Structure formats: C-alpha cells, structure tokens
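Listing of coords_36.cif; format and content: mmCIF, C-alpha atoms.
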data_coords
#
loop_
_atom_site.group_PDB
_atom_site.id
_atom_site.type_symbol
_atom_site.label_atom_id
_atom_site.label_comp_id
_atom_site.auth_asym_id
_atom_site.auth_seq_id
_atom_site.Cartn_x
_atom_site.Cartn_y
_atom_site.Cartn_z
ATOM 1 C CA MET A 281 0.000 0.000 0.000
ATOM 2 C CA SER A 282 1.097 3.565 -0.682
ATOM 3 C CA ARG A 283 3.104 5.615 1.770
ATOM 4 C CA ALA A 284 3.297 8.453 -0.735
ATOM 5 C CA THR A 285 3.508 12.100 0.207
ATOM 6 C CA LEU A 286 0.624 14.364 -0.721
ATOM 7 C CA GLU A 287 1.389 17.335 -2.939
ATOM 8 C CA LYS A 288 -0.992 20.296 -2.829
ATOM 9 C CA VAL A 289 -1.944 21.301 -6.365
ATOM 10 C CA SER A 290 -4.426 24.108 -5.667
ATOM 11 C CA SER A 291 -6.615 25.589 -2.949
ATOM 12 C CA ASN A 292 -9.796 27.662 -3.102
ATOM 13 C CA LYS A 293 -11.955 29.144 -0.364
ATOM 14 C CA ALA A 294 -15.522 27.779 -0.488
ATOM 15 C CA PHE A 295 -18.471 28.152 1.910
ATOM 16 C CA GLY A 296 -16.189 29.179 4.760
ATOM 17 C CA GLY A 297 -13.982 26.145 4.267
ATOM 18 C CA ASP A 298 -11.327 25.128 1.774
ATOM 19 C CA LEU A 299 -11.372 23.052 -1.393
ATOM 20 C CA VAL A 300 -7.905 21.571 -1.890
ATOM 21 C CA LYS A 301 -6.684 19.456 -4.781
ATOM 22 C CA TYR A 302 -3.943 16.962 -3.933
ATOM 23 C CA LYS A 303 -1.922 14.483 -5.951
ATOM 24 C CA PHE A 304 0.409 11.629 -5.024
ATOM 25 C CA LYS A 305 2.194 8.679 -6.581
ATOM 26 C CA SER A 306 -0.202 5.767 -6.274
ATOM 27 C CA ALA A 307 1.303 2.332 -5.692
ATOM 28 C CA THR A 308 -2.147 0.803 -6.164
ATOM 29 C CA LEU A 309 -2.437 2.377 -9.619
ATOM 30 C CA GLY A 310 0.960 1.143 -10.725
ATOM 31 C CA GLY A 311 3.002 4.183 -9.725
ATOM 32 C CA LEU A 312 0.903 6.694 -11.650
ATOM 33 C CA ASP A 313 -0.042 10.109 -10.322
ATOM 34 C CA ALA A 314 -3.461 10.103 -8.642
ATOM 35 C CA SER A 315 -5.434 13.246 -7.828
ATOM 36 C CA PHE A 316 -8.394 14.008 -5.600
ATOM 37 C CA ASN A 317 -10.301 17.044 -4.371
ATOM 38 C CA LEU A 318 -10.971 17.443 -0.664
ATOM 39 C CA PHE A 319 -13.430 19.963 0.755
ATOM 40 C CA LEU A 320 -12.679 20.738 4.395
ATOM 41 C CA PRO A 321 -15.414 22.655 6.247
ATOM 42 C CA GLU A 322 -14.533 25.537 8.537
ATOM 43 C CA ASN A 323 -14.806 23.439 11.703
ATOM 44 C CA SER A 324 -11.952 21.190 10.516
ATOM 45 C CA ALA A 325 -9.585 23.914 11.722
ATOM 46 C CA ARG A 326 -10.556 22.936 15.286
ATOM 47 C CA THR A 327 -11.404 19.245 15.194
ATOM 48 C CA LYS A 328 -11.376 16.149 12.998
ATOM 49 C CA VAL A 329 -14.466 15.904 10.808
ATOM 50 C CA PRO A 330 -16.326 13.003 9.185
ATOM 51 C CA VAL A 331 -15.851 12.494 5.449
ATOM 52 C CA LEU A 332 -18.186 11.615 2.595
ATOM 53 C CA PHE A 333 -16.570 10.093 -0.501
ATOM 54 C CA TYR A 334 -18.157 11.024 -3.836
ATOM 55 C CA LEU A 335 -17.615 8.757 -6.852
ATOM 56 C CA ALA A 336 -18.299 10.248 -10.272
ATOM 57 C CA GLY A 337 -19.469 8.567 -13.464
ATOM 58 C CA LEU A 338 -18.192 7.668 -16.905
ATOM 59 C CA THR A 339 -15.853 10.206 -18.590
ATOM 60 C CA CYS A 340 -15.611 12.218 -15.351
ATOM 61 C CA THR A 341 -12.582 13.230 -13.298
ATOM 62 C CA GLU A 342 -11.944 14.237 -9.700
ATOM 63 C CA ASP A 343 -13.088 17.737 -10.695
ATOM 64 C CA THR A 344 -16.552 16.867 -11.997
ATOM 65 C CA GLY A 345 -18.376 16.457 -8.697
ATOM 66 C CA ALA A 346 -16.356 19.239 -7.102
ATOM 67 C CA HIS A 347 -17.381 21.712 -9.804
ATOM 68 C CA LYS A 348 -20.937 20.591 -10.581
ATOM 69 C CA GLY A 349 -22.334 18.607 -7.656
ATOM 70 C CA ASN A 350 -23.563 21.425 -5.382
ATOM 71 C CA PHE A 351 -22.172 19.486 -2.417
ATOM 72 C CA PHE A 352 -20.080 21.988 -0.498
ATOM 73 C CA GLY A 353 -22.725 24.375 0.827
ATOM 74 C CA PRO A 354 -24.753 21.592 2.480
ATOM 75 C CA ALA A 355 -21.564 19.866 3.645
ATOM 76 C CA ALA A 356 -20.325 23.091 5.244
ATOM 77 C CA LYS A 357 -23.588 23.419 7.187
ATOM 78 C CA GLU A 358 -23.224 19.872 8.490
ATOM 79 C CA GLY A 359 -19.484 20.100 9.186
ATOM 80 C CA ILE A 360 -18.666 17.220 6.829
ATOM 81 C CA ALA A 361 -15.691 16.877 4.488
ATOM 82 C CA ILE A 362 -16.257 15.794 0.871
ATOM 83 C CA LEU A 363 -13.617 13.800 -0.998
ATOM 84 C CA CYS A 364 -13.797 13.420 -4.784
ATOM 85 C CA PRO A 365 -11.332 10.904 -6.291
ATOM 86 C CA ASP A 366 -10.748 10.255 -9.988
ATOM 87 C CA THR A 367 -12.691 7.640 -11.960
ATOM 88 C CA SER A 368 -9.706 5.709 -13.344
ATOM 89 C CA PRO A 369 -5.932 5.693 -13.523
ATOM 90 C CA ARG A 370 -4.475 8.201 -15.993
ATOM 91 C CA GLY A 371 -1.612 7.613 -18.395
ATOM 92 C CA ALA A 372 -1.182 3.869 -17.987
ATOM 93 C CA GLY A 373 -0.311 3.555 -21.681
ATOM 94 C CA ILE A 374 -2.282 0.339 -22.132
ATOM 95 C CA GLU A 375 -3.202 -0.394 -25.728
ATOM 96 C CA GLY A 376 -6.880 0.367 -26.345
ATOM 97 C CA GLU A 377 -7.591 2.129 -23.033
ATOM 98 C CA ASP A 378 -8.469 5.380 -24.826
ATOM 99 C CA ASP A 379 -10.455 3.877 -27.695
ATOM 100 C CA ASP A 380 -13.938 4.077 -26.094
ATOM 101 C CA TRP A 381 -15.545 6.606 -23.759
ATOM 102 C CA ASP A 382 -17.168 3.871 -21.657
ATOM 103 C CA PHE A 383 -14.088 1.718 -21.028
ATOM 104 C CA GLY A 384 -10.529 2.497 -19.967
ATOM 105 C CA THR A 385 -9.531 6.062 -19.143
ATOM 106 C CA GLY A 386 -12.347 7.795 -17.260
ATOM 107 C CA ALA A 387 -14.206 4.504 -16.902
ATOM 108 C CA GLY A 388 -12.438 2.391 -14.294
ATOM 109 C CA PHE A 389 -15.775 1.040 -13.016
ATOM 110 C CA TYR A 390 -14.449 0.947 -9.436
ATOM 111 C CA VAL A 391 -13.097 -2.597 -9.712
ATOM 112 C CA ASP A 392 -9.750 -4.213 -9.013
ATOM 113 C CA ALA A 393 -8.828 -5.688 -12.385
ATOM 114 C CA THR A 394 -7.880 -9.360 -12.596
ATOM 115 C CA ASN A 395 -7.239 -9.403 -16.348
ATOM 116 C CA PRO A 396 -3.414 -9.223 -16.507
ATOM 117 C CA LYS A 397 -3.592 -6.521 -19.171
ATOM 118 C CA TYR A 398 -5.184 -4.102 -16.688
ATOM 119 C CA ALA A 399 -4.268 -5.569 -13.288
ATOM 120 C CA ARG A 400 -1.226 -3.374 -12.624
ATOM 121 C CA HIS A 401 -3.076 -0.065 -12.964
ATOM 122 C CA TYR A 402 -6.861 -0.507 -12.845
ATOM 123 C CA ASN A 403 -7.410 -1.027 -9.121
ATOM 124 C CA MET A 404 -9.876 1.703 -8.275
ATOM 125 C CA ARG A 405 -11.657 -0.288 -5.555
ATOM 126 C CA THR A 406 -8.497 -0.621 -3.466
ATOM 127 C CA HIS A 407 -7.351 2.890 -4.362
ATOM 128 C CA ILE A 408 -10.524 4.451 -2.956
ATOM 129 C CA GLN A 409 -11.312 2.152 -0.056
ATOM 130 C CA PHE A 410 -7.813 1.689 1.345
ATOM 131 C CA GLU A 411 -5.062 3.702 -0.327
ATOM 132 C CA ILE A 412 -6.604 7.176 -0.135
ATOM 133 C CA PRO A 413 -7.640 6.776 3.534
ATOM 134 C CA GLN A 414 -4.112 5.627 4.354
ATOM 135 C CA VAL A 415 -2.634 8.634 2.559
ATOM 136 C CA LEU A 416 -4.996 10.966 4.445
ATOM 137 C CA GLU A 417 -3.947 9.448 7.752
ATOM 138 C CA ILE A 418 -0.223 9.664 6.999
ATOM 139 C CA ALA A 419 -0.641 13.303 5.941
ATOM 140 C CA GLY A 420 -2.284 14.150 9.255
ATOM 141 C CA LEU A 421 -5.300 15.807 7.657
ATOM 142 C CA PRO A 422 -8.211 16.592 10.037
ATOM 143 C CA ILE A 423 -10.370 13.679 8.881
ATOM 144 C CA ASP A 424 -12.016 11.225 11.278
ATOM 145 C CA LEU A 425 -11.621 7.942 9.397
ATOM 146 C CA THR A 426 -13.938 6.170 11.831
ATOM 147 C CA ARG A 427 -16.812 8.216 10.387
ATOM 148 C CA VAL A 428 -16.941 7.635 6.640
ATOM 149 C CA SER A 429 -19.831 7.329 4.166
ATOM 150 C CA ILE A 430 -19.974 7.093 0.387
ATOM 151 C CA PHE A 431 -22.173 8.229 -2.509
ATOM 152 C CA GLY A 432 -21.959 8.542 -6.273
ATOM 153 C CA HIS A 433 -23.600 9.137 -9.632
ATOM 154 C CA SER A 434 -24.181 6.592 -12.416
ATOM 155 C CA MET A 435 -20.995 4.467 -12.595
ATOM 156 C CA GLY A 436 -20.035 6.148 -9.322
ATOM 157 C CA GLY A 437 -23.367 5.144 -7.794
ATOM 158 C CA HIS A 438 -22.520 1.566 -8.744
ATOM 159 C CA GLY A 439 -19.119 1.955 -7.098
ATOM 160 C CA ALA A 440 -20.561 3.468 -3.933
ATOM 161 C CA LEU A 441 -23.244 0.812 -3.449
ATOM 162 C CA CYS A 442 -20.835 -2.051 -4.105
ATOM 163 C CA ALA A 443 -18.206 -0.661 -1.733
ATOM 164 C CA TYR A 444 -20.846 -0.277 0.971
ATOM 165 C CA LEU A 445 -22.371 -3.734 0.467
ATOM 166 C CA ALA A 446 -19.105 -5.620 -0.055
ATOM 167 C CA PRO A 447 -18.805 -8.696 2.159
ATOM 168 C CA LYS A 448 -17.066 -7.924 5.470
ATOM 169 C CA ALA A 449 -16.682 -4.261 4.491
ATOM 170 C CA GLY A 450 -18.223 -2.340 7.394
ATOM 171 C CA GLN A 451 -16.139 0.674 6.431
ATOM 172 C CA TYR A 452 -18.988 3.038 5.543
ATOM 173 C CA ARG A 453 -21.857 4.154 7.753
ATOM 174 C CA SER A 454 -24.240 4.850 4.848
ATOM 175 C CA ALA A 455 -24.436 4.908 1.062
ATOM 176 C CA SER A 456 -26.462 6.806 -1.509
ATOM 177 C CA ALA A 457 -26.599 7.139 -5.262
ATOM 178 C CA PHE A 458 -27.980 9.242 -8.077
ATOM 179 C CA ALA A 459 -29.190 7.071 -10.987
ATOM 180 C CA PRO A 460 -26.716 4.278 -10.246
ATOM 181 C CA ILE A 461 -25.866 1.428 -12.591
ATOM 182 C CA ALA A 462 -27.619 -0.779 -10.091
ATOM 183 C CA ASN A 463 -27.447 -4.161 -11.831
ATOM 184 C CA PRO A 464 -24.398 -3.934 -14.091
ATOM 185 C CA VAL A 465 -24.135 -7.652 -14.880
ATOM 186 C CA ASN A 466 -27.358 -7.124 -16.849
ATOM 187 C CA ALA A 467 -26.472 -3.707 -18.313
ATOM 188 C CA PRO A 468 -24.413 -3.098 -21.487
ATOM 189 C CA TRP A 469 -21.950 -0.781 -19.709
ATOM 190 C CA GLY A 470 -21.329 -3.282 -16.955
ATOM 191 C CA ARG A 471 -20.992 -6.307 -19.179
ATOM 192 C CA LYS A 472 -18.452 -4.483 -21.341
ATOM 193 C CA ALA A 473 -16.422 -3.337 -18.326
ATOM 194 C CA PHE A 474 -16.416 -6.727 -16.622
ATOM 195 C CA ALA A 475 -15.463 -8.553 -19.830
ATOM 196 C CA GLY A 476 -12.443 -6.290 -20.125
ATOM 197 C CA TYR A 477 -11.224 -5.844 -16.559
ATOM 198 C CA LEU A 478 -12.024 -9.216 -15.000
ATOM 199 C CA GLN A 479 -10.640 -12.586 -16.034
ATOM 200 C CA GLY A 480 -13.901 -14.197 -14.998
ATOM 201 C CA GLY A 481 -16.056 -11.561 -16.685
ATOM 202 C CA VAL A 482 -19.671 -11.244 -15.564
ATOM 203 C CA GLU A 483 -19.562 -14.328 -13.372
ATOM 204 C CA GLU A 484 -16.649 -12.915 -11.379
ATOM 205 C CA ALA A 485 -18.413 -9.561 -11.127
ATOM 206 C CA LYS A 486 -21.469 -11.105 -9.478
ATOM 207 C CA GLU A 487 -19.406 -11.841 -6.373
ATOM 208 C CA GLN A 488 -18.487 -8.235 -5.513
ATOM 209 C CA TYR A 489 -19.280 -5.725 -8.261
ATOM 210 C CA ASP A 490 -23.050 -5.826 -8.682
ATOM 211 C CA ALA A 491 -25.209 -4.059 -6.080
ATOM 212 C CA THR A 492 -28.326 -6.071 -6.927
ATOM 213 C CA GLU A 493 -26.482 -9.343 -6.438
ATOM 214 C CA LEU A 494 -24.903 -8.052 -3.212
ATOM 215 C CA ILE A 495 -28.099 -6.758 -1.575
ATOM 216 C CA ALA A 496 -29.795 -10.087 -2.300
ATOM 217 C CA ARG A 497 -27.154 -11.860 -0.183
ATOM 218 C CA HIS A 498 -26.804 -9.171 2.480
ATOM 219 C CA SER A 499 -28.091 -9.682 6.006
ATOM 220 C CA ASP A 500 -26.723 -6.789 8.066
ATOM 221 C CA PRO A 501 -28.698 -3.550 8.615
ATOM 222 C CA VAL A 502 -28.198 -0.970 5.873
ATOM 223 C CA HIS A 503 -28.728 2.763 5.330
ATOM 224 C CA ILE A 504 -29.215 3.434 1.607
ATOM 225 C CA LEU A 505 -30.817 6.278 -0.366
ATOM 226 C CA ILE A 506 -31.246 6.209 -4.156
ATOM 227 C CA ASP A 507 -32.725 8.807 -6.483
ATOM 228 C CA TYR A 508 -33.440 7.962 -10.096
ATOM 229 C CA VAL A 509 -35.579 9.112 -13.011
ATOM 230 C CA ARG A 510 -38.128 6.726 -14.470
ATOM 231 C CA ILE A 511 -41.163 6.727 -16.693
ATOM 232 C CA ASN A 512 -44.484 6.759 -14.821
ATOM 233 C CA ARG A 513 -47.215 6.498 -17.421
ATOM 234 C CA ALA A 514 -49.972 6.312 -14.810
ATOM 235 C CA ARG A 515 -49.190 9.854 -13.696
ATOM 236 C CA ASN A 516 -48.212 11.036 -17.175
ATOM 237 C CA LEU A 517 -44.693 11.748 -15.948
ATOM 238 C CA GLY A 518 -41.680 10.995 -18.109
ATOM 239 C CA THR A 519 -37.953 10.544 -17.966
ATOM 240 C CA ASN A 520 -35.279 12.405 -19.841
ATOM 241 C CA ASP A 521 -32.666 9.920 -18.645
ATOM 242 C CA ASN A 522 -31.790 8.212 -21.898
ATOM 243 C CA PHE A 523 -29.544 5.758 -20.076
ATOM 244 C CA TYR A 524 -32.510 4.566 -18.021
ATOM 245 C CA LYS A 525 -34.394 4.033 -21.287
ATOM 246 C CA ALA A 526 -31.426 2.085 -22.671
ATOM 247 C CA GLY A 527 -31.458 -0.382 -19.777
ATOM 248 C CA GLN A 528 -28.227 0.827 -18.216
ATOM 249 C CA ILE A 529 -29.560 1.856 -14.784
ATOM 250 C CA LEU A 530 -32.008 -0.935 -13.771
ATOM 251 C CA PRO A 531 -32.932 0.464 -10.332
ATOM 252 C CA GLU A 532 -36.099 -1.640 -10.129
ATOM 253 C CA ASN A 533 -33.948 -4.774 -10.084
ATOM 254 C CA PHE A 534 -32.097 -3.464 -7.045
ATOM 255 C CA LEU A 535 -35.340 -2.442 -5.342
ATOM 256 C CA ASN A 536 -36.937 -5.851 -5.913
ATOM 257 C CA ALA A 537 -33.848 -7.653 -4.602
ATOM 258 C CA ALA A 538 -33.719 -5.408 -1.522
ATOM 259 C CA ARG A 539 -37.357 -5.981 -0.668
ATOM 260 C CA ALA A 540 -37.013 -9.738 -1.229
ATOM 261 C CA ALA A 541 -34.059 -9.705 1.186
ATOM 262 C CA GLY A 542 -36.263 -8.087 3.836
ATOM 263 C CA TYR A 543 -35.092 -4.480 3.634
ATOM 264 C CA ASP A 544 -37.944 -2.010 4.076
ATOM 265 C CA GLU A 545 -38.332 1.630 3.042
ATOM 266 C CA MET A 546 -36.492 2.822 6.144
ATOM 267 C CA GLN A 547 -33.363 0.861 5.281
ATOM 268 C CA VAL A 548 -33.419 1.103 1.487
ATOM 269 C CA HIS A 549 -35.165 4.318 0.449
ATOM 270 C CA ILE A 550 -35.585 4.647 -3.309
ATOM 271 C CA ARG A 551 -37.197 7.749 -4.798
ATOM 272 C CA GLU A 552 -38.467 8.404 -8.313
ATOM 273 C CA GLN A 553 -37.762 11.911 -9.576
ATOM 274 C CA PRO A 554 -39.724 12.381 -12.819
ATOM 275 C CA ASN A 555 -38.748 14.574 -15.761
ATOM 276 C CA TYR A 556 -35.080 15.041 -14.849
ATOM 277 C CA ASP A 557 -32.250 13.719 -17.007
ATOM 278 C CA HIS A 558 -28.956 11.955 -16.232
ATOM 279 C CA SER A 559 -26.921 15.146 -15.903
ATOM 280 C CA TYR A 560 -25.490 17.092 -12.982
ATOM 281 C CA TYR A 561 -28.586 19.301 -12.992
ATOM 282 C CA PHE A 562 -30.300 16.211 -11.551
ATOM 283 C CA VAL A 563 -27.468 15.531 -9.094
ATOM 284 C CA ALA A 564 -27.295 19.144 -7.932
ATOM 285 C CA SER A 565 -31.068 19.298 -7.428
ATOM 286 C CA PHE A 566 -30.994 16.582 -4.769
ATOM 287 C CA ALA A 567 -27.456 16.976 -3.424
ATOM 288 C CA GLU A 568 -28.584 18.600 -0.185
ATOM 289 C CA ASP A 569 -30.985 15.723 0.524
ATOM 290 C CA HIS A 570 -28.128 13.262 0.184
ATOM 291 C CA ILE A 571 -25.756 15.263 2.376
ATOM 292 C CA GLN A 572 -28.421 15.516 5.081
ATOM 293 C CA PHE A 573 -29.130 11.787 4.797
ATOM 294 C CA HIS A 574 -25.479 10.930 5.417
ATOM 295 C CA ALA A 575 -25.153 13.522 8.183
ATOM 296 C CA LYS A 576 -27.621 11.528 10.315
ATOM 297 C CA PHE A 577 -25.162 8.628 10.420
ATOM 298 C CA LEU A 578 -21.846 10.461 10.232
ATOM 299 C CA LYS A 579 -22.718 12.688 13.180
ATOM 300 C CA ALA A 580 -24.408 10.035 15.308
#
So that I can check it, write out the structure of this file as structure tokens.
Amino acid sequence: MSRATLEKVSSNKAFGGDLVKYKFKSATLGGLDASFNLFLPENSARTKVPVLFYLAGLTCTEDTGAHKGNFFGPAAKEGIAILCPDTSPRGAGIEGEDDDWDFGTGAGFYVDATNPKYARHYNMRTHIQFEIPQVLEIAGLPIDLTRVSIFGHSMGGHGALCAYLAPKAGQYRSASAFAPIANPVNAPWGRKAFAGYLQGGVEEAKEQYDATELIARHSDPVHILIDYVRINRARNLGTNDNFYKAGQILPENFLNAARAAGYDEMQVHIREQPNYDHSYYFVASFAEDHIQFHAKFLKA
C-alpha cells in the first residue's frame, strides 16, 4: 500500500472552508499520479471531521463532482468533508484504453482488475477504499476515518453501493446514489467493463461488483438512499434519462432484490424523480438531501 507524500496542487476558499486538490504517486495504480479534491469545512480547523466520498461517473474526473455537484454548501452546514477521487488511472499507456468513452480512461468502473492486461493499474476499488484513507492518515489531515460514508452518480453510484455492500466491508456508515448502474451484470456498460477488466467476466463480477447481487445476499442492517428518473405512465410523468431508457440503470432490479431480502423503506429508500435527465442538474437538485441523509449517520 502507498506511503506516498501528498502534494498540494491548488486551494480555493468555499463556503467558509477550503477546497484543496492533492496528488500523489499511487502504488495501487501502478506508480501513476493520482489526484483528488478534498473539501474541508470551517470546523476542521478545530477538530477532525467526518468524510463523505463522492464517486463520479463515466468520462468524469476528480473535478466533476467538485465543480458541478452542489455538495459543499450543504456539507459546510453539516461540518462534513467531501472527498472526490478520480474515476480511473491516468496515463497507464495500455493499448486500447483510450479507444472508447465507456471503457478504460475515465471509466475504471471501481473494480480491481484481474485481467493481466489491466491488473497493474486498474485497481480503483483498493485505491478508494484503502489507499486514499491511508494517505490521508499519513498526511495528518483533520479527517475522522472512523466516520466515513460514500455516494456517487451513475458508474459512481454503482461503485458506492458495491463498496458499501461488499462482504465484510463495514467501512462506511451509509451509502447513496444518483441514478446508479444498479445491476451492471445485466447492463451493457457493466458487461463491457467486466469482460475487459475481469478474467472471470460477468460471473466474477457477481461476487463483488453488482449491487443487486450483493443486496440479495446481504443480512446486516443498511442505510441506503437512491434517487433515479423513471417513466411513470400512470401519472403522465416521463424521464429524460436516456440511459434509463437504454437499460443501463435498472434500479427496479435493485429495489426488488432489496425488498425480497427483507429491507424495508427505512433501510433502502428509493425515490423516483420524474422529468429530470442523467446530468449534474439532476445531481445538484438533490445533493442537499443526500448530504443531510449521510449527516444523520456520520454525526451520530
């Protein structure tokens, strides 16, 4: 695991706190530079604060959520740090990694690759769950790593839910997602990613990289919030989320599996938000709800 030194790239004042971009040499990502944005609320000058990891979607970077998510105002009110990592390694130089927008650079899918072609660099699960927290601790930043939650959008929603529900994880107090790829073994994006990154393809993915499969086998209490955009013909309400229409999101599969596993509305709360699309206008519209949801568990 990395014992790299953090380098401050930039710093901006925001909502009384500070948004700082850091980079470091990541052992988990094969020695490549890794960057993340960290929002520290004003109270972090006096005490360690809980942290909420935000995972972005396909084609995004560590800057996307920081610039577009509308997270920092609500987080400042709650005294919670927000950490935005990248979505993939950068500059690995692997043949074909830049050929498609939905695979390779900007599309790490939050897995640890087992295909030898990608296994040295594409280890985003370990990078986010273990390496970044270790780097934060070594750097002495005012983060309370006993109080951590996670959320994300689209591919990042998939990553957040899977990290939270992973067997023997217990690392995160809560999870939430905006239009997550909730059943990727049955979605074109997921099947493509798993066929490339994992030696065992979809079958290997079912064990740890599909939230619907994981919730079906889960037995511990959970705290999950999901917002998505669907078609509701009965109320004449539509969806502008073209990825939902294309069968990429599949939130109903996750909901059905959660209810079959015995999780009620209090534990797995899934909300339909009609007429939005898949963009950050949707994310920003409900960002405060998600921050407040996590605050209940991070500040308990």
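Applied to this file, the PyMOL selection byres ((chain A and resi 391-406) around 6) selects Leu309, Gly310, Phe389, Tyr390, His407, Ile408, Gln409, Phe410, Tyr477, Leu478 and Gln479 of chain A.
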- Task: Within 10 Å of region 493-496 of chain A, counting only C-alpha atoms, which residues show up once you throw out same-chain ones fewer than 6 positions away? Write them as number ranges by chain, please.
- Result: A: 441-442, 444-447, 462-465, 485-487, 502, 533-543, 548
- Query: So how many Å separate CA of Glu411 (chain A) and CA of Ile423 (chain A), to one decimal?
  - Reply: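 We find that CA of Glu411 (chain A) and CA of Ile423 (chain A) lie 14.6 Å from each other.
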Once you count only C-alpha atoms, what closest atom pair and distance in Å to one decimal does each residue of region 372-433 of chain A within 9 Å of region 283-301 of chain A have, with rows by chain and rising residue number, as CSV?
residue,atom,partner,partner_atom,distance
A:Glu411,CA,A:Arg283,CA,8.6
A:Gln414,CA,A:Arg283,CA,7.7
A:Val415,CA,A:Arg283,CA,6.5
A:Leu416,CA,A:Leu286,CA,8.4
A:Ile418,CA,A:Arg283,CA,7.4
A:Ala419,CA,A:Leu286,CA,6.9
- Item | Selection as number ranges by chain: residues within 12 Å of (-24.5, -11.9, -20.8), counting all atoms listed in the file | A: 464-472, 474-475, 481-483, 485-486
- Task: Any chance you could resolve the PyMOL selection byres ((chain A and resi 328-332) around 9) against this file and give the residues as number ranges by chain?
- Result: A: 320-321, 323-327, 333-334, 355, 359-364, 421-431, 571, 574-575, 578-579
- Item | Contacts of Ser456 (chain A) within 6 Å, all atoms listed in the file, excl. fewer than 2 positions in-chain, as a ChimeraX atom specification | /A:431,504-506
- Message: Would you pick out the contacts of Ser368 (chain A) at 6 Å or less, using all atoms listed in the file, so that residues sharing its chain but fewer than 6 positions from it are not included, and give the list as a PyMOL selection string?
- Response: chain A and resi 385-388
- Message: Please report the interatomic distance between CA of Pro531 (chain A) and CA of Thr341 (chain A) in Å with one decimal.
- Response: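 Between these atoms lies a distance of 24.2 Å.
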- Pick the closest to Thr344 (chain A) from A:Asp366, A:Asp380, A:Glu358, A:Asp500: which is it, counting all atoms listed in the file?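 Ranked by minimum distance to Thr344 (chain A), first place goes to A:Asp366.
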- Task: To verify the selection step, state as a ChimeraX atom specification which residues the PyMOL selection byres ((chain A and resi 561) around 12) yields on this input.
- Result: /A:345,347-350,433,458,520-521,555-560,562-567
